[in-house]
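Here's the structure we're looking at; comments come further down.
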There are 6 protein chains.
Amino acid sequence: MAEIAGRTIPLYPVLYEDLVRCALAEDLGRAGDLTTDAVVPPSSRAAALISARAPGRIAGLEVAGAAFRLLDPDVTIEMENRDGSDVFAGQALARVQGPARPILSAERTALNFLGRLSGIATVTCKIARAISGHRCRVVCTRKTTPGLRALEKYAVRAGGGANHRFGLDDGVLIKDNHVALAGGVSEAVRRVRRHAGHMVKIEVEVDTLEQLEEALRAGVDAVLLDNMSVPMLSRAVQLSRGYAITEASGGITPENAADIAATGVDLISLGWITHSAPSLDVTLDISLAT
Amino acid sequence: MAEIAGRTIPLYPVLYEDLVRCALAEDLGRAGDLTTDAVVPPSSRAAALISARAPGRIAGLEVAGAAFRLLDPDVTIEMENRDGSDVFAGQALARVQGPARPILSAERTALNFLGRLSGIATVTCKIARAISGHRCRVVCTRKTTPGLRALEKYAVRAGGGANHRFGLDDGVLIKDNHVALAGGVSEAVRRVRRHAGHMVKIEVEVDTLEQLEEALRAGVDAVLLDNMSVPMLSRAVQLSRGYAITEASGGITPENAADIAATGVDLISLGWITHSAPSLDVTLDISLAT
Amino acid sequence: MAEIAGRTIPLYPVLYEDLVRCALAEDLGRAGDLTTDAVVPPSSRAAALISARAPGRIAGLEVAGAAFRLLDPDVTIEMENRDGSDVFAGQALARVQGPARPILSAERTALNFLGRLSGIATVTCKIARAISGHRCRVVCTRKTTPGLRALEKYAVRAGGGANHRFGLDDGVLIKDNHVALAGGVSEAVRRVRRHAGHMVKIEVEVDTLEQLEEALRAGVDAVLLDNMSVPMLSRAVQLSRGYAITEASGGITPENAADIAATGVDLISLGWITHSAPSLDVTLDISLAT
Amino acid sequence: MAEIAGRTIPLYPVLYEDLVRCALAEDLGRAGDLTTDAVVPPSSRAAALISARAPGRIAGLEVAGAAFRLLDPDVTIEMENRDGSDVFAGQALARVQGPARPILSAERTALNFLGRLSGIATVTCKIARAISGHRCRVVCTRKTTPGLRALEKYAVRAGGGANHRFGLDDGVLIKDNHVALAGGVSEAVRRVRRHAGHMVKIEVEVDTLEQLEEALRAGVDAVLLDNMSVPMLSRAVQLSRGYAITEASGGITPENAADIAATGVDLISLGWITHSAPSLDVTLDISLAT
Amino acid sequence: MAEIAGRTIPLYPVLYEDLVRCALAEDLGRAGDLTTDAVVPPSSRAAALISARAPGRIAGLEVAGAAFRLLDPDVTIEMENRDGSDVFAGQALARVQGPARPILSAERTALNFLGRLSGIATVTCKIARAISGHRCRVVCTRKTTPGLRALEKYAVRAGGGANHRFGLDDGVLIKDNHVALAGGVSEAVRRVRRHAGHMVKIEVEVDTLEQLEEALRAGVDAVLLDNMSVPMLSRAVQLSRGYAITEASGGITPENAADIAATGVDLISLGWITHSAPSLDVTLDISLAT
Amino acid sequence: MAEIAGRTIPLYPVLYEDLVRCALAEDLGRAGDLTTDAVVPPSSRAAALISARAPGRIAGLEVAGAAFRLLDPDVTIEMENRDGSDVFAGQALARVQGPARPILSAERTALNFLGRLSGIATVTCKIARAISGHRCRVVCTRKTTPGLRALEKYAVRAGGGANHRFGLDDGVLIKDNHVALAGGVSEAVRRVRRHAGHMVKIEVEVDTLEQLEEALRAGVDAVLLDNMSVPMLSRAVQLSRGYAITEASGGITPENAADIAATGVDLISLGWITHSAPSLDVTLDISLAT
C-alpha cells in the first residue's frame with residue numbers, strides 16, 4: 001500500500017505472495033540456510049531495523065515484510081514508514097522482531113525486493129521533481145523485469161509517476177513497425193478503429209511532423225513523439241493541443257527533462273526508470289532481543 | 001549456452017522456459033496484442049534483426065530466442081553471435097524470421113531478457129578487464145532480482161566473472177550478525193564445523209585484522225574482507241596467504257578495482273553488478289519479408 | 001484463430017495449453033481411461049469426425065484439437081472449418097486421425113471446450129444478427145466462468161461481438177456503488193481523472209437522465225445506461241451524441257435487442273451471453289481406420 | 001459445505017482456494033481495480049448483502065466467501081443461508097462486512113462462482129422435483145466446464161442430484177465406440193473384467209433391446225439406455241430388474257422427466273444440467289458502514 | 001506403456017512430464033551440473049546403456065527416457081525392453097545416445113524413477129508368483145509416496161498386480177474407525193448406500209466373523225478381512241462365497257502368501273509393495289561415441 | 001524441526017506445504033472422501049493418537065501435522081515427540097484433536113509422509129550406531145525419491161547422518177564417466193579448478209590406489225573410494241590422511257559398516273538409506289471425543 005499525492009494504492013498480498021515464496025525458495029534451496037541453522041540456536045530472539053543507507057523514495061515495504069512473515073508467522077513487522085515516502089540516509093523503515101533464525105534467513109529476499117522497488121521509485125521521483133513546475137507527468141514503459149511487471153509499475157506510481165500500458169492488451173500503441181506493415185499511419189488507425197473495443201485508447205508513435213499531422217487527422221487519442229528535438233517537440237505539442245495527448249520519449253534524462261517538459265508535452269516516458277534503475281541501498285541491522 | 005574463456009556453459013531450456021512463458025503471459029494478458037492483431041494481417045511475414053545499440057558483452061540470446069519460439073514455433077531464430085561475446089554498437093546479434101505477428105508480439109519480452117542479462121554481463125566484463133593484469137576474479141552476490149537468480153548468475157559468468165554462493169544452502173558465509181549471535185568468530189566456526197557437510201566450504205566476514213586472525217586460527221576456507229582500506233587489505237592478504245582464500249567486498253567500483261586487485265586479494269565481490277547494472281540497449285528492426 | 005469480419009484473431013497455444021492439460025488431468029485422474037485401456041488394443045487406429053449436431057457459430061476448434069495433440073502427438077487434426085464460421089446441423093468441423101486410444105480418451109475434454117465456446121459464439125451471433133441493421137455492437141461483460149475469461153471473451157469476438165473490459169484493470173467503469181461511496185458522479189469522475197493513466201477510458205453507470213447529464217458534464221468517455229426503458233434510452237442517446245459512447249445494459253434479449261438498438265445506442269452489453277449460454281451440441285463419431 | 005437431505009457434504013478450502021486465487025488474478029490483472037482504487041478511500045468501510053434475484057437452489061456460498069477473504073482477511077462473511085437451501089427472489093444469502101475496497105474488488109469473482117454453481121443446483125433441483133414421486137435419481141455427466149469439474153459435481157449434489165463418474169478413471173462406461181472397436185458388447189465386457197480392479201463397476205451403453213440382453217447376459221452392473229422411447233425404456237427396465245441398475249439418457253427435459261421416471265428406471269442422466277444451466281441471478285448490494 | 005498379460009497399459013507423457021521436469025530442477029538447482037559442465041566439452045558425444053544389475057520386473061522406462069529427452073531433445077532413447085518384462089542381472093534396458101553432457105546430467109533423475117518403479121514392480125511380481133497357482137490377485141493400497149501415486153500404482157500393474165482404490169474418492173472402504181463412529185457395520189453401510197453414487201462399490205473392513213456376517217447381511221460388494229489367521233480366513237471366505245469379494249490384508253509376506261491364497265480369498269493387499277519396496281539396482285554405462 | 005545431537009534443524013512450512021497440499025489432492029481427488037462424508041456426521045469430534053508400531057527414529061512429525069492443519073485449520077496437533085527422537089513400539093508421537101471428518105480424511109496423507117521419513121531416519125540411525133565407536137559419519141546420496149529430496153535429506157540428518165551434495169550444483173564429484181571423458185583424473189581436476197567457484201569443494205571417485213594417488217597429487221578436497229575391500233580401503237585412508245577427506249561407498253550394510261569405519265575412513269555413503277529404506281510402521285488410533 002503506497003500513500004502518494006493523497007491517494008492510497010492497495011497492493012493485495014494475493015498478488016505477490018507467490019512471487020515472495022518463489023524468491024525464498026530460490027535462496028533457501030533444498031538445504032536451507034546452512035550458516036544460520038548451524039550458528040544460531042532456535043531460542044535466540046532478535047530485533048532488527050531495516051533502514052535506508054542512501055536518500056530515496058520507498059516502495060516495497062509490505063512485500064519485504066511478507067518475506068519474513070511467510071517464512072515464519074512468529075516474526076512481526078512494524079512499519080516506521082510507508083511506500084511513497086521520501087527518506088534520508090539512515091532513516092528507519094521498519095522494525096522486525098521475533099525468532100532470530102527466520103529473520104536472518106529471509107533478510108536478503110526482503111532487501112532484494114525493497115532495494116529494487118525503491119530504486120525504481122527513487123529515479124522516478126527524481127524525474128518527477130525535475131519537471132515539477134510543469135503539468136507534465138512521468139510514465140514508464142513495458143521495459144520491465146520479466147515476472148515483476150505489476151510490482152515495478154507499482155513502484156513507478158510510488159515514485160510519483162504514472163503508468164502507461166501494463167501490457168499489449170490494455171491499450172493500442174501503433175509503433176513504426178506497425179505503420180510500416182500497415183502501409184501508413186491512417187490505414188493502421190483505420191484497422192484498429194474497426195476492431196478495438198470501446199474502452200481502448202489509441203496512441204501512435206510518430207517521428208516527423210508529417211506523420212503527426214496524419215495521426216491527428218486520423219483522430220487518435222494520443223501521440224508518442226519519438227526522439228524529437230526540443231524545438232520540434234514544441235511545434236508538435238502546439239499542433240496537437242486540443243486534439244491528442246502528447247507523450248515525449250527517447251533519450252530523456254534528469255538533465256534534459258525540464259526542457260522537454262517546458263514544451264508543454266503532457267507526458268514523458270522513460271524505459272530506464274524500470275530497466276536500469278540502480279537499487280536503493282537498504283540494510284537490516286540486527287541485535288539480540290532483550 | 002555461453003562460450004567464455006574456452007569453456008561452453010550450457011543453459012538448458014527446461015530451466016528457463018517456464019519463466020519465458022510467464023513473461024509472455026504478463027505482456028499478452030487476457031486480450032493479446034491489440035495493436036498487432038488489428039493492424040497486421042496473419043499472412044504478413046517478416047524478417048527482423050536483433051542488434052546492440054551500444055557496445056557490450058552479450059548474455060541471454062537463447063532465452064530471447066525462446067520468447068519467439070514459444071509464442072509461435074513457426075518463427076525461426078538464427079544466431080549471429082553467442083553469449084559471452086563482446087559486440088560493438090550496431091552489431092547484429094540474431095536474425096528472426098517468420099510470421100510477422102508473433103515476431104512483433106514477442107519482441108519486448110525477448111528484449112527485456114536480453115537487455116537485462118547483457119547489462120549484467122557488460123558491467124561484469126568491465127570490472128574483469130579493470131583487474132585483468134592480476135590473478136584476482138570478479139564474483140557476484142545473492143543480491144539478484146527475485147525469480148531470476150539462476151539467469152543473472154549465468155550472466156555474470158558470461159561476463160567473465162565467477163559465482164559466489166547461489167543461495168543460503170551451497171556454502172557457509174558467517175556474517176557479522178552470525179558472529180554477534182554466536183558470541184565470536186571461533187565459536188561460530190566451531191558450530192558450523194560440527195554440523196556442515198563435508199562438501200561445504202566455510203567463509204567468514206571480518207572487519208578487523210583481529211577478527212581475521214581469529215578466523216585464520218579457526219581454519220576457515222575463505223575470508224570476506226569487508227570495507228577495508230587498500231593498505232589494510234594488503235596486510236590482510238599477506239596474513240591469509242596459504243591459509244585462506246581472500247575476498248574483498250564493499251565499495252568496489254571500476255575505478256578502484258585495480259588498486260584493490262593489486263593487493264593480491266583472490267576475489268572481489270560486487271552486489272551492484274547484479275542489482276544495479278543498467279540494461280544493455282538492444283533493439284529489433286523489422287522488415288517485410290520478400 | 002478466428003476469422004471474423006475479414007479479420008483473423010490469433011489465439012496462441014502458449015496461452016491455453018496449460019488449461020487444456022489441466023482439463024485432461026481432471027478427466028484422466030490417477031488411473032487413466034479404465035474403459036478404453038481395457039477394451040481397445042494399442043494398435044487400433046481410428047478416424048473420427050467432429051461435427052455440429054445443431055446450427056451455430058463455431059469457436060474453440062484449435063483448443064479442442066490441442067486436447068488430442070497434447071495427449072498424444074501422433075494424433076493429427078485436420079480442420080474442416082474455422083472459428084467464426086456458421087455451421088448447419090450435421091456439418092463437419094474437423095477430422096481426427098491416429099491411434100484409437102487417445103482419440104477416445106481426449107474426446108470429452110475436446111468437446112467440453114468446443115461446445116462451451118461455440119455456445120457463447122452462437123448466442124452472441126444471434127444477438128448480433130438481431131441488431132444487424134443498426135450501427136450498434138454487442139459487447140460482453142466480466143460475468144465469465146472462473147479461469148476461462150480469455151477464452152470466453154475470444155468466443156464473443158468469434159460470435160461477432162466486441163469485448164468490454166477484460167478485467168478491473170483495463171478500463172474504468174464507475175458503478176452505482178462507486179458513485180455512492182464517492183458522494184456523486186462528478187466527484188467520482190474527478191477522483192479517477194486525477195489518478196488514472198492516460199490510456200484509460202472512463203465510463204459511468206447511470207440510472208437516470210439527471211445522472212447522465214452530470215456524467216456528460218464531467219466529460220466521461222462512455223456512459224452505461226442501466227435498465228432504461230426504450231423511450232428513456234432514446235432520450236439518453238440523444239443527450240449523449242457527440243459527447244460520449246452509449247452502452248445499454250439490463251434485460252436485453254434477442255427479442256428486444258432490435259428495439260434497443262434502434263434508439264441509436266452504440267453498444268448493448270449482455271452478461272448472459274457468457275454466463276448462461278447453453279453449449280452448442282457437438283459430437284465426435286469414430287470409425288476404425290482402414 | 002452443503003446440507004442436503006439430512007447429509008452435510010464438506011468442501012475443503014484446500015481444494016478450491018487456488019481456483020479462487022486464479023479467478024481473482026484474472027480480474028485484477030497487473031494494475032488492480034482502477035476504479036475502486038481511485039474512487040474509494042482506504043478508510044471507507046462497507047456492509048454488503050449478497051442475495052438472490054431469482055428463486056433457486058444455492059451452491060457455492062463458501063467459495064464466494066473465499067473470494068473476499070483471500071483478497072483481504074479483514075473482510076468478514078456471515079452466512080444467512082447454506083448450500084443446498086432453496087431461496088426465493090430477494091432472499092438474503094450472506095452478509096459481507098469490512099473495508100470497502102476489497103469488497104468491491106472481489107464482488108464479481110464471488111458472484112461468478114456463486115451464480116454458476118447455484119444455476120447448476122437450481123436446474124438439477126427442478127429435475128429432481130419433477131420426478132420426486134418416483135424412486136429415480138438425477139445424475140450428471142462428464143460434460144462439465146474445464147477446470148471446474150469438482151465444483152460443478154458438488155453443485156449437482158447440492159441440487160439434490162447424484163454424481164455419475166467424476167472422470168474416466170473411477171468407473172467403466174462402455175460406449176458405442178468401445179463396443180464397435182471391441183467387436184461386440186460381450187467381448188468388451190470380457191476385456192474389462194479381465195483388467196479392471198475389484199472396486200470398479202461396469203456400465204454399458206445400449207441402444208437396442210438386443211444389446212441390452214447381451215449386456216445383461218455379460219453380467220454388467222449397470223446399463224445406460226440411450227435415447228429410448230418411453231415404451232422401449234419400460235421394456236428395458238423390466239428386463240433389467242434384479243440384474244442391473246438402469247440409467248436413461250438422451251433428450252431428457254423437465255417436461256418429459258416424470259414420464260421417463262415412471263418407467264421405473266433407476267437413474268436419469270443429463271449433460272445439460274452442467275453444460276447449459278443458466279447462472280442463477282445473484283447480486284451484492286453495498287452500503288456505507290455506520 | 002507396459003505390456004502385461006497381453007494387455008498394453010498406456011502412460012501418457014502429459015501425466016508425468018511435469019514431475020520429471022520438477023525432478024530435473026531438483027537435481028540441477030540454480031547452477032546446473034558443475035562437474036559435467038567443467039569437465040566435458042560440449043562437442044563430446046556419448047552412447048550409454050541402461051541395464052539392470054539385479055534380476056527384476058521393469059517399470060518406468062519411458063519415464064526415465066523423458067528425463068533425457070526433456071533436458072535435451074537431441075538425446076535419443078532406444079528401448080531394449082519394455083515395462084512389464086522380467087530381466088536378468090546385466091540385461092540391457094535401453095540405449096541412450098547423443099551429446100554427452102545432458103546424458104550425464106540427467107542420469108540420476110532417470111535412474112531414480114526407473115529404480116523405484118521397477119523395485120515396486122519386482123516385489124509385486126514376486127508376490128504374484130508366490131500365489132500363481134491360485135485365482136487370487138495381488139492389490140496395492142493408498143500407502144504410496146506423496147506425489148507419485150499414479151506412477152506407483154502403474155508400477156504395481158506392471159508387476160502383475162491390480163490396483164485397489166486410487167484415492168478416497170473412487171471407492172468406499174468402511175474401516176474400523178468409520179464403523180466405530182457410525183455405531184456399527186450395518187448403520188455405516190446404510191449411510192453409504194443412501195449417499196454414494198451408483199458406480200461406487202462398497203467394501204467393509206472386518207476383524208471378526210460376527211462383523212463379517214453383519215457386513216454380508218448388509219449386502220456389501222467386498223470385505224476386507226484384516227489380520228485373520230489362515231483358518232479363520234478360510235472360514236470367512238466360505239461364508240462370503242457368492243456374496244462378496246474377499247480381500248485379505250495384514251502381515252502378508254512372500255513366505256505366507258501362498259497359504260493365504262490357498263484359502264480361496266480373491267485378493268491379498270499389501271502396503272509394503274509400495275511403501276517399502278527396495279529400489280531395483282539399475283545403472284547407466286557410458287562410452288564415448290565413435 | 002528436528003533436535004539432533006544438541007542441534008535444532010528448522011524445516012520451514014513454506015518449503016513443504018505445497019507438497020502436502022498436492023498429496024492431499026492426490027488422495028481426495030475430485031469427489032473427496034466418499035466413505036467418511038457418508039458415514040461420519042459433521043458434528044462428530046474425535047481425538048486421535050499417532051504412534052509408532054515399531055521401534056525407530058522419528059522424522060516428519062510437522063509435515064504429518066500439516067496434512068491435518070491444511071485440510072481443516074480447526075484440527076489441532078499436539079506433539080508428544082519430536083523429529084530426531086528414538087521411540088519404542090507403541091510410543092505416542094502426537095495427538096490430533098478436532099472435527100472427526102478431516103482427521104479421518106487426512107490420516108493416510110499424514111502417515112505416508114511420517115512413515116517414509118521415519119523409515120529413512122531409522123535405517124540411517126542404525127548405520128550411525130553401528131559405527132558409533134569411530135569418528136566416521138554416515139552420508140546419503142542423490143538417490144532420492146523424485147520431488148522429495150529436501151525432505152529425505154532432512155530425514156537423514158534426523159537419523160544422525162550428514163548430507164552429501166543436495167544436487168549437481170552444490171559440489172563437484174568427478175565420477176568414472178567424467179574421468180573417462182576428460183582422459184584422466186588430473187585433467188578432469190584441472191578443468192574443474194579453472195571453472196568452479198571458490199566455495200565449491202572437489203571430490204573424485206577412484207577405484208584403484210593409482211587413481212587415488214593421482215587424485216591426491218591433484219590436490220582434491222575429498223576422495224570417494226568406490227567398492228574397495230577393507231584392506232585396500234585401509235591403505236587408501238592412510239595415503240589420504242592429511243590430504244583429503246575420505247569417503248567409502250559401495251556395498252555397505254549394517255553388518256560390514258563397523259569394519260569399514262574401522263579403517264579410519266571419514267565418511268561412508270549409502271544410497272539405499274534413501275532409495276530402499278522400508279517405511280516405519282506408524283498408525284493413527286481414533287476415538288470419539290468426549
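Here, A, B, ... name the chains of the C-alpha cells in the order displayed, residue numbers run from 1 inside each chain, and ligands are numbered from 1 in the same displayed order.
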
Spatial neighbours of E:Trp272, max dist 12 Å, only C-alpha atoms, sep filter under 3 positions, as a PyMOL selection string: (chain E and resi 119-121+123-124+127+138-145+152+156+249-254+269+275-278) or (chain F and resi 112+115-116+276-281)

Fewer than 2 positions away in the same chain doesn't count, so skip those; otherwise give me all residues within 6 Å of stretch 173-187 of chain E, counting only C-alpha atoms, as a PDB file with N, CA and C atoms, in the first residue's frame.
ATOM      1  N   VAL E 189     -22.999 -48.997   6.564  1.00  0.00           N
ATOM      2  CA  VAL E 189     -23.351 -49.363   5.183  1.00  0.00           C
ATOM      3  C   VAL E 189     -24.630 -48.647   4.747  1.00  0.00           C
ATOM      4  N   ARG E 190     -25.593 -48.588   5.654  1.00  0.00           N
ATOM      5  CA  ARG E 190     -26.864 -47.925   5.329  1.00  0.00           C
ATOM      6  C   ARG E 190     -26.619 -46.465   4.930  1.00  0.00           C
ATOM      7  N   GLU E 203     -16.875 -51.606   0.233  1.00  0.00           N
ATOM      8  CA  GLU E 203     -16.120 -52.654   0.909  1.00  0.00           C
ATOM      9  C   GLU E 203     -16.079 -52.307   2.399  1.00  0.00           C
ATOM     10  N   VAL E 204     -16.093 -53.343   3.234  1.00  0.00           N
ATOM     11  CA  VAL E 204     -16.043 -53.106   4.672  1.00  0.00           C
ATOM     12  C   VAL E 204     -14.885 -53.902   5.272  1.00  0.00           C
ATOM     13  N   GLU E 205     -14.166 -53.249   6.170  1.00  0.00           N
ATOM     14  CA  GLU E 205     -13.091 -53.929   6.897  1.00  0.00           C
ATOM     15  C   GLU E 205     -13.700 -54.653   8.094  1.00  0.00           C
ATOM     16  N   ALA E 218     -25.564 -56.909   5.203  1.00  0.00           N
ATOM     17  CA  ALA E 218     -25.773 -55.552   4.687  1.00  0.00           C
ATOM     18  C   ALA E 218     -25.588 -55.492   3.180  1.00  0.00           C
TER      19      ALA E 218
END

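Proximity to chain A at a cut-off of 10 Å picks out Met1, Gly6, Arg7, Thr8, Ile9, Pro10, Leu11, Tyr12, Pro13, Val14, Leu15, Leu148, Arg149, Ala150, Leu151, Lys153, Tyr154, Asn163, Arg165, Phe166 and Gly167 of chain F on chain F, counting only C-alpha atoms.
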
Written file, previous selection with C-alpha atoms, as a CSV table (one decimal), in the first residue's frame:
chain,number,residue,atom,x,y,z
F,1,MET,CA,12.2,-29.1,13.2
F,6,GLY,CA,22.1,-30.8,20.5
F,7,ARG,CA,21.2,-29.0,17.3
F,8,THR,CA,17.8,-27.9,16.1
F,9,ILE,CA,17.3,-28.1,12.4
F,10,PRO,CA,14.4,-25.9,11.2
F,11,LEU,CA,12.1,-27.1,8.5
F,12,TYR,CA,10.0,-24.1,7.4
F,13,PRO,CA,6.5,-24.9,6.3
F,14,VAL,CA,6.9,-22.6,3.2
F,15,LEU,CA,9.2,-25.3,1.8
F,148,LEU,CA,11.2,-35.4,-2.0
F,149,ARG,CA,14.9,-34.7,-2.0
F,150,ALA,CA,14.9,-31.9,0.6
F,151,LEU,CA,12.6,-33.9,2.9
F,153,LYS,CA,17.9,-35.4,3.1
F,154,TYR,CA,16.3,-33.8,6.2
F,163,ASN,CA,24.2,-34.8,3.8
F,165,ARG,CA,25.6,-32.9,-2.2
F,166,PHE,CA,21.9,-31.9,-2.5
F,167,GLY,CA,22.2,-31.7,-6.2

Selection: 7 Å around F:Leu49, only C-alpha atoms, excl. self and same-chain fewer than 2 positions, as a ChimeraX atom specification: /F:47,51,92,94-96,284-286

Could you give me the residues within stretch 167-272 of chain E that DSSP places in alpha helix (DSSP H), as a PyMOL selection string? chain E and resi 176-182+185-195+209-217+230-240+257-261+272

Going by DSSP on the backbone, which residues of stretch 54-265 of chain D come out as strand (DSSP E or B)? List them as a VMD selection string. chain D and resid 56 to 57 76 to 79 83 86 to 87 92 to 99 137 to 139 162 172 to 174 200 202 to 206 222 to 226 245 to 249

For F:His198, find every residue with an atom within 10 Å (counting only C-alpha atoms), except residues of its own chain fewer than 6 positions away, and show them as a compact mmCIF listing (two decimals) with all heavy atoms, in the first residue's frame.
# COMPACT_ATOMS: atom_id res chain seq x y z
N ARG B 137 39.72 -12.54 -9.30
CA ARG B 137 38.49 -12.77 -10.08
C ARG B 137 37.33 -11.95 -9.52
O ARG B 137 37.26 -11.70 -8.31
CB ARG B 137 38.10 -14.25 -10.03
CG ARG B 137 39.04 -15.14 -10.80
CD ARG B 137 38.84 -16.60 -10.43
NE ARG B 137 37.74 -17.21 -11.18
CZ ARG B 137 37.33 -18.48 -10.99
NH1 ARG B 137 37.93 -19.21 -10.06
NH2 ARG B 137 36.35 -18.97 -11.69
N VAL B 139 33.47 -11.77 -8.47
CA VAL B 139 32.34 -12.65 -8.14
C VAL B 139 31.12 -11.82 -7.78
O VAL B 139 31.23 -10.68 -7.36
CB VAL B 139 32.66 -13.63 -6.97
CG1 VAL B 139 33.79 -14.57 -7.34
CG2 VAL B 139 32.99 -12.88 -5.70
N ALA B 162 32.92 -14.94 -11.84
CA ALA B 162 32.66 -16.24 -11.25
C ALA B 162 31.49 -16.08 -10.30
O ALA B 162 31.07 -14.97 -9.98
CB ALA B 162 33.89 -16.77 -10.53
N ASN B 163 30.94 -17.19 -9.86
CA ASN B 163 29.78 -17.13 -8.97
C ASN B 163 30.18 -17.45 -7.55
O ASN B 163 30.86 -18.45 -7.30
CB ASN B 163 28.70 -18.12 -9.41
CG ASN B 163 28.12 -17.83 -10.78
OD1 ASN B 163 27.80 -18.72 -11.54
ND2 ASN B 163 27.99 -16.54 -11.11
N HIS B 164 29.74 -16.62 -6.65
CA HIS B 164 29.83 -16.96 -5.23
C HIS B 164 28.66 -17.93 -4.97
O HIS B 164 28.17 -18.56 -5.91
CB HIS B 164 29.68 -15.65 -4.43
CG HIS B 164 30.32 -15.70 -3.08
ND1 HIS B 164 29.89 -16.52 -2.08
CD2 HIS B 164 31.37 -15.01 -2.57
CE1 HIS B 164 30.64 -16.34 -1.00
NE2 HIS B 164 31.56 -15.43 -1.27
N ARG B 165 28.22 -18.04 -3.74
CA ARG B 165 27.10 -18.92 -3.44
C ARG B 165 25.88 -18.62 -4.32
O ARG B 165 25.60 -17.47 -4.64
CB ARG B 165 26.64 -18.71 -1.99
CG ARG B 165 27.67 -19.07 -0.95
CD ARG B 165 27.02 -19.14 0.42
NE ARG B 165 26.53 -17.83 0.85
CZ ARG B 165 25.83 -17.63 1.96
NH1 ARG B 165 25.52 -18.67 2.74
NH2 ARG B 165 25.44 -16.44 2.31
N GLY B 171 26.94 -23.18 0.60
CA GLY B 171 28.18 -22.62 1.11
C GLY B 171 27.86 -21.93 2.41
O GLY B 171 26.74 -21.46 2.60
N LYS B 201 32.21 -25.43 2.01
CA LYS B 201 33.31 -24.58 2.45
C LYS B 201 32.80 -23.51 3.41
O LYS B 201 31.63 -23.15 3.40
CB LYS B 201 33.99 -23.92 1.25
CG LYS B 201 34.86 -24.90 0.46
CD LYS B 201 35.85 -24.17 -0.43
CE LYS B 201 36.77 -25.15 -1.15
NZ LYS B 201 37.57 -24.46 -2.20
N GLU B 203 33.31 -19.65 4.90
CA GLU B 203 33.89 -18.34 4.74
C GLU B 203 33.39 -17.47 5.89
O GLU B 203 32.27 -17.64 6.37
CB GLU B 203 33.47 -17.75 3.39
CG GLU B 203 34.03 -16.35 3.14
CD GLU B 203 33.91 -15.89 1.67
OE1 GLU B 203 33.34 -16.66 0.85
OE2 GLU B 203 34.36 -14.79 1.36
N ASP B 221 37.99 -21.70 5.26
CA ASP B 221 38.45 -21.83 3.87
C ASP B 221 38.64 -20.49 3.19
O ASP B 221 39.46 -20.35 2.29
CB ASP B 221 37.44 -22.65 3.05
CG ASP B 221 37.29 -24.06 3.58
OD1 ASP B 221 38.25 -24.83 3.43
OD2 ASP B 221 36.22 -24.39 4.15
N ALA B 222 37.83 -19.51 3.59
CA ALA B 222 37.89 -18.22 2.92
C ALA B 222 37.51 -17.13 3.90
O ALA B 222 36.79 -17.37 4.88
CB ALA B 222 36.95 -18.19 1.71
N ILE B 245 41.42 -18.42 1.22
CA ILE B 245 41.10 -17.60 0.06
C ILE B 245 40.64 -16.24 0.58
O ILE B 245 39.93 -16.17 1.58
CB ILE B 245 39.99 -18.27 -0.76
CG1 ILE B 245 40.51 -19.58 -1.35
CG2 ILE B 245 39.46 -17.34 -1.84
CD1 ILE B 245 39.42 -20.47 -1.90
N THR B 246 41.03 -15.17 -0.10
CA THR B 246 40.63 -13.84 0.36
C THR B 246 39.68 -13.19 -0.63
O THR B 246 39.85 -13.28 -1.84
CB THR B 246 41.87 -12.93 0.52
OG1 THR B 246 42.65 -13.02 -0.68
CG2 THR B 246 42.71 -13.35 1.71
N GLU B 247 38.65 -12.56 -0.07
CA GLU B 247 37.64 -11.91 -0.90
C GLU B 247 37.44 -10.50 -0.35
O GLU B 247 37.16 -10.33 0.84
CB GLU B 247 36.32 -12.70 -0.80
CG GLU B 247 35.14 -12.02 -1.46
CD GLU B 247 33.84 -12.78 -1.25
OE1 GLU B 247 33.87 -13.91 -0.70
OE2 GLU B 247 32.79 -12.23 -1.60
N ASP B 266 42.27 -12.59 -3.70
CA ASP B 266 41.86 -13.58 -4.70
C ASP B 266 40.59 -13.19 -5.44
O ASP B 266 40.43 -13.49 -6.62
CB ASP B 266 41.60 -14.93 -4.00
CG ASP B 266 42.87 -15.51 -3.39
OD1 ASP B 266 43.84 -15.70 -4.13
OD2 ASP B 266 42.87 -15.75 -2.16
N LEU B 267 39.68 -12.57 -4.71
CA LEU B 267 38.35 -12.30 -5.29
C LEU B 267 37.89 -10.91 -4.88
O LEU B 267 38.17 -10.46 -3.76
CB LEU B 267 37.32 -13.29 -4.74
CG LEU B 267 37.62 -14.77 -4.90
CD1 LEU B 267 36.74 -15.57 -3.94
CD2 LEU B 267 37.32 -15.19 -6.33

My list of candidates is B:Ala46, B:Ala215, B:Ala130, B:Ala158. Which is closest to B:Gly84 when distances are computed with only C-alpha atoms? B:Ala158
